[in-house]
Structures are given as C-alpha cells and as structure tokens.
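Engineer: A single structure is presented below for examination.
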Amino acid sequence: METAAQTLGIIGEELAFHFLKGKGYKILLRNYESPLGEVDLIAKEKGALVFIEVKTRRSDDMGSPAESVTAKKRGQIVKTAKYYLNRYGVHHVACRFDVVSILLPSEKDPTIELIQDAFGEGA
C-alpha cells in the first residue's frame with residue numbers, strides 16, 4: 001500500500017514526464033535503479049544525457065521542493081549516473097543533472113520549475 005508521500009511522488013513524476021516531453025526532452029528511462037541508488041528520469045536533450053531528480057511537495061512551507069535535494073541525494077544521483085554510464089558503455093557524451101521542482105497545492109494548478117544543470121559531478 002502506497003503512502004501519501006509515495007502517491008505524491010508518483011503524481012509529480014508523471015507531471016514532470018509530460019512537462020519535459022513538452023520541452024523537447026526525449027525520455028529514455030523512468031525510475032532507473034542501480035545498486036548505488038535511483039534516478040527518477042534519464043533523458044536526452046540537445047545532445048546531452050540528462051539525469052533528472054523530481055521533487056514534489058504540497059506547499060513550500062518547509063522550503064521549495066528543489067531545496068530538498070540535499071548534498072547526500074546529489075551525491076547518490078551522481079554515483080548512480082556513473083554506474084549507468086559504465087554499465088552501458090556510454091562514453092564521450094555530455095551529461096548534466098537537472099531538477100524538476102513541483103508544487104502541487106490542493107485545489108490549485110501545479111507549479112513546475114525546471115532547473116537545468118542544477119548541480120555538477122562534485123555534487
């Protein structure tokens with residue numbers, strides 16, 4: 001049985017998927033899991049391979065959704081991205097890390113913000 005937070009996350013990832021497709025991203029994988037962690041979306045955009053973290057909240061009372069992507073989480077995403085690149089022999093391709101921040105208040109339209117190149121390999 002899903003928790004409210006898991007349901008919110010699933011809704012956010014679906015919104016992000018369609019939002020990014022509308023921006024010209026080609027979504028390659030959703031919820032990529034490795035022994036080192038998970039990446040919400042992996043996509044191609046303008047020749048770059050993009051590893052995307054989606055954060056969804058009902059309000060920004062505790063900060064924006066993007067602010068909840070901690071240094072620890074960024075490090076885990078970078079390690080997972082490196083695992084993906086090595087596992088599939090992807091070399092010599094530009095990579096970046098984007099964050100999709102979604103506010104999904106009750107009874108209001110969602111606010112979606114794309115932060116391209118939100119952090120680097122040094123996380």
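Chain labels follow the order of the structure tokens: the first chain is A, the next B, and so on; residue numbering restarts at 1 in every chain, and ligands are counted from 1 in their shown order.
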Skipping near chain neighbours, those fewer than 5 positions away, what residues fall within 8 Å of segment 16-28 of chain A using only C-alpha atoms, listed as a list in words?

Structural biologist: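 In the requested format, the answer is Leu41, Ile42, Ala43, Lys44, Glu45, Lys46, Val54, Val100, Ile102 and Ile112 of chain A.
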
Engineer: Please provide the set of residues having any atom within 8 Å of Ser59 of chain A, restricted to only C-alpha atoms, with same-chain residues fewer than 2 positions apart removed, written as a PyMOL selection string.

Structural biologist: chain A and resi 57+61-62+64+103-105

Engineer: Keeping all heavy atoms for every residue in the selection just given, could you write it to a file as a tab-separated table (two decimals), in the first residue's frame?

Structural biologist:
chain	number	residue	atom	x	y	z
A	57	ARG	N	6.11	18.66	-3.70
A	57	ARG	CA	5.56	18.98	-2.37
A	57	ARG	C	4.20	19.63	-2.53
A	57	ARG	O	3.89	20.19	-3.57
A	57	ARG	CB	6.49	19.96	-1.63
A	57	ARG	CG	7.77	19.32	-1.14
A	57	ARG	CD	8.50	20.26	-0.22
A	57	ARG	NE	9.63	19.59	0.41
A	57	ARG	CZ	10.56	20.22	1.08
A	57	ARG	NH1	10.52	21.54	1.20
A	57	ARG	NH2	11.55	19.55	1.63
A	61	ASP	N	6.10	25.56	2.53
A	61	ASP	CA	6.26	25.96	3.93
A	61	ASP	C	7.63	25.56	4.50
A	61	ASP	O	8.17	26.25	5.36
A	61	ASP	CB	5.16	25.36	4.81
A	61	ASP	CG	3.79	25.93	4.50
A	61	ASP	OD1	3.71	26.96	3.80
A	61	ASP	OD2	2.79	25.33	4.96
A	62	MET	N	8.15	24.44	4.03
A	62	MET	CA	9.44	23.96	4.53
A	62	MET	C	10.53	24.16	3.47
A	62	MET	O	11.53	23.46	3.46
A	62	MET	CB	9.34	22.48	4.90
A	62	MET	CG	8.20	22.17	5.83
A	62	MET	SD	8.60	21.70	7.49
A	62	MET	CE	9.74	20.39	7.32
A	64	SER	N	11.40	25.18	-0.88
A	64	SER	CA	10.97	24.71	-2.19
A	64	SER	C	11.29	23.23	-2.35
A	64	SER	O	12.19	22.72	-1.66
A	64	SER	CB	11.67	25.51	-3.30
A	64	SER	OG	13.01	25.07	-3.44
A	103	LEU	N	5.33	22.14	-7.15
A	103	LEU	CA	4.43	22.45	-6.04
A	103	LEU	C	3.04	22.04	-6.49
A	103	LEU	O	2.56	22.46	-7.55
A	103	LEU	CB	4.45	23.94	-5.72
A	103	LEU	CG	5.55	24.41	-4.79
A	103	LEU	CD1	5.51	25.93	-4.63
A	103	LEU	CD2	5.44	23.74	-3.43
A	104	LEU	N	2.40	21.21	-5.67
A	104	LEU	CA	1.10	20.66	-6.02
A	104	LEU	C	0.12	20.91	-4.88
A	104	LEU	O	-0.27	20.00	-4.15
A	104	LEU	CB	1.26	19.15	-6.28
A	104	LEU	CG	0.12	18.41	-6.94
A	104	LEU	CD1	-0.19	18.98	-8.30
A	104	LEU	CD2	0.48	16.94	-7.06
A	105	PRO	N	-0.26	22.19	-4.71
A	105	PRO	CA	-1.19	22.50	-3.62
A	105	PRO	C	-2.58	21.95	-3.91
A	105	PRO	O	-2.98	21.82	-5.06
A	105	PRO	CB	-1.20	24.03	-3.59
A	105	PRO	CG	-0.74	24.46	-4.94
A	105	PRO	CD	0.10	23.35	-5.50

Engineer: Rounded to one decimal, what separation in Å do you get between atom CA of Gly75 of chain A and atom CA of Leu8 of chain A?

Structural biologist: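 Atom-to-atom, atom CA of Gly75 of chain A and atom CA of Leu8 of chain A are spaced 23.5 Å apart.
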
Engineer: Let me make sure I understand: among A:Val78, A:Ala66, A:Ala48, A:Ile115, which one has the smallest atom-to-atom distance to Val93 of chain A if we use only C-alpha atoms?

Structural biologist: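 Ranking A:Val78, A:Ala66, A:Ala48, A:Ile115 by distance to Val93 of chain A, first place goes to A:Ala48.
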
Engineer: I'd like the interatomic distance between atom CA of Gln76 of chain A and atom CA of Arg96 of chain A, to a tenth of an Å.

Structural biologist: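 Going from atom CA of Gln76 of chain A over to atom CA of Arg96 of chain A covers 14.3 Å.
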
Engineer: Work out how far atom CA of Ile11 of chain A is from atom CA of Asn31 of chain A, in Å to one decimal.

Structural biologist: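 We find that atom CA of Asn31 of chain A and atom CA of Ile11 of chain A lie 13.2 Å from each other.
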
Engineer: Using DSSP on the backbone coordinates, identify the residues of chain A assigned to alpha helix (DSSP H); present them as a PyMOL selection string.

Structural biologist: chain A and resi 4-22+71-87
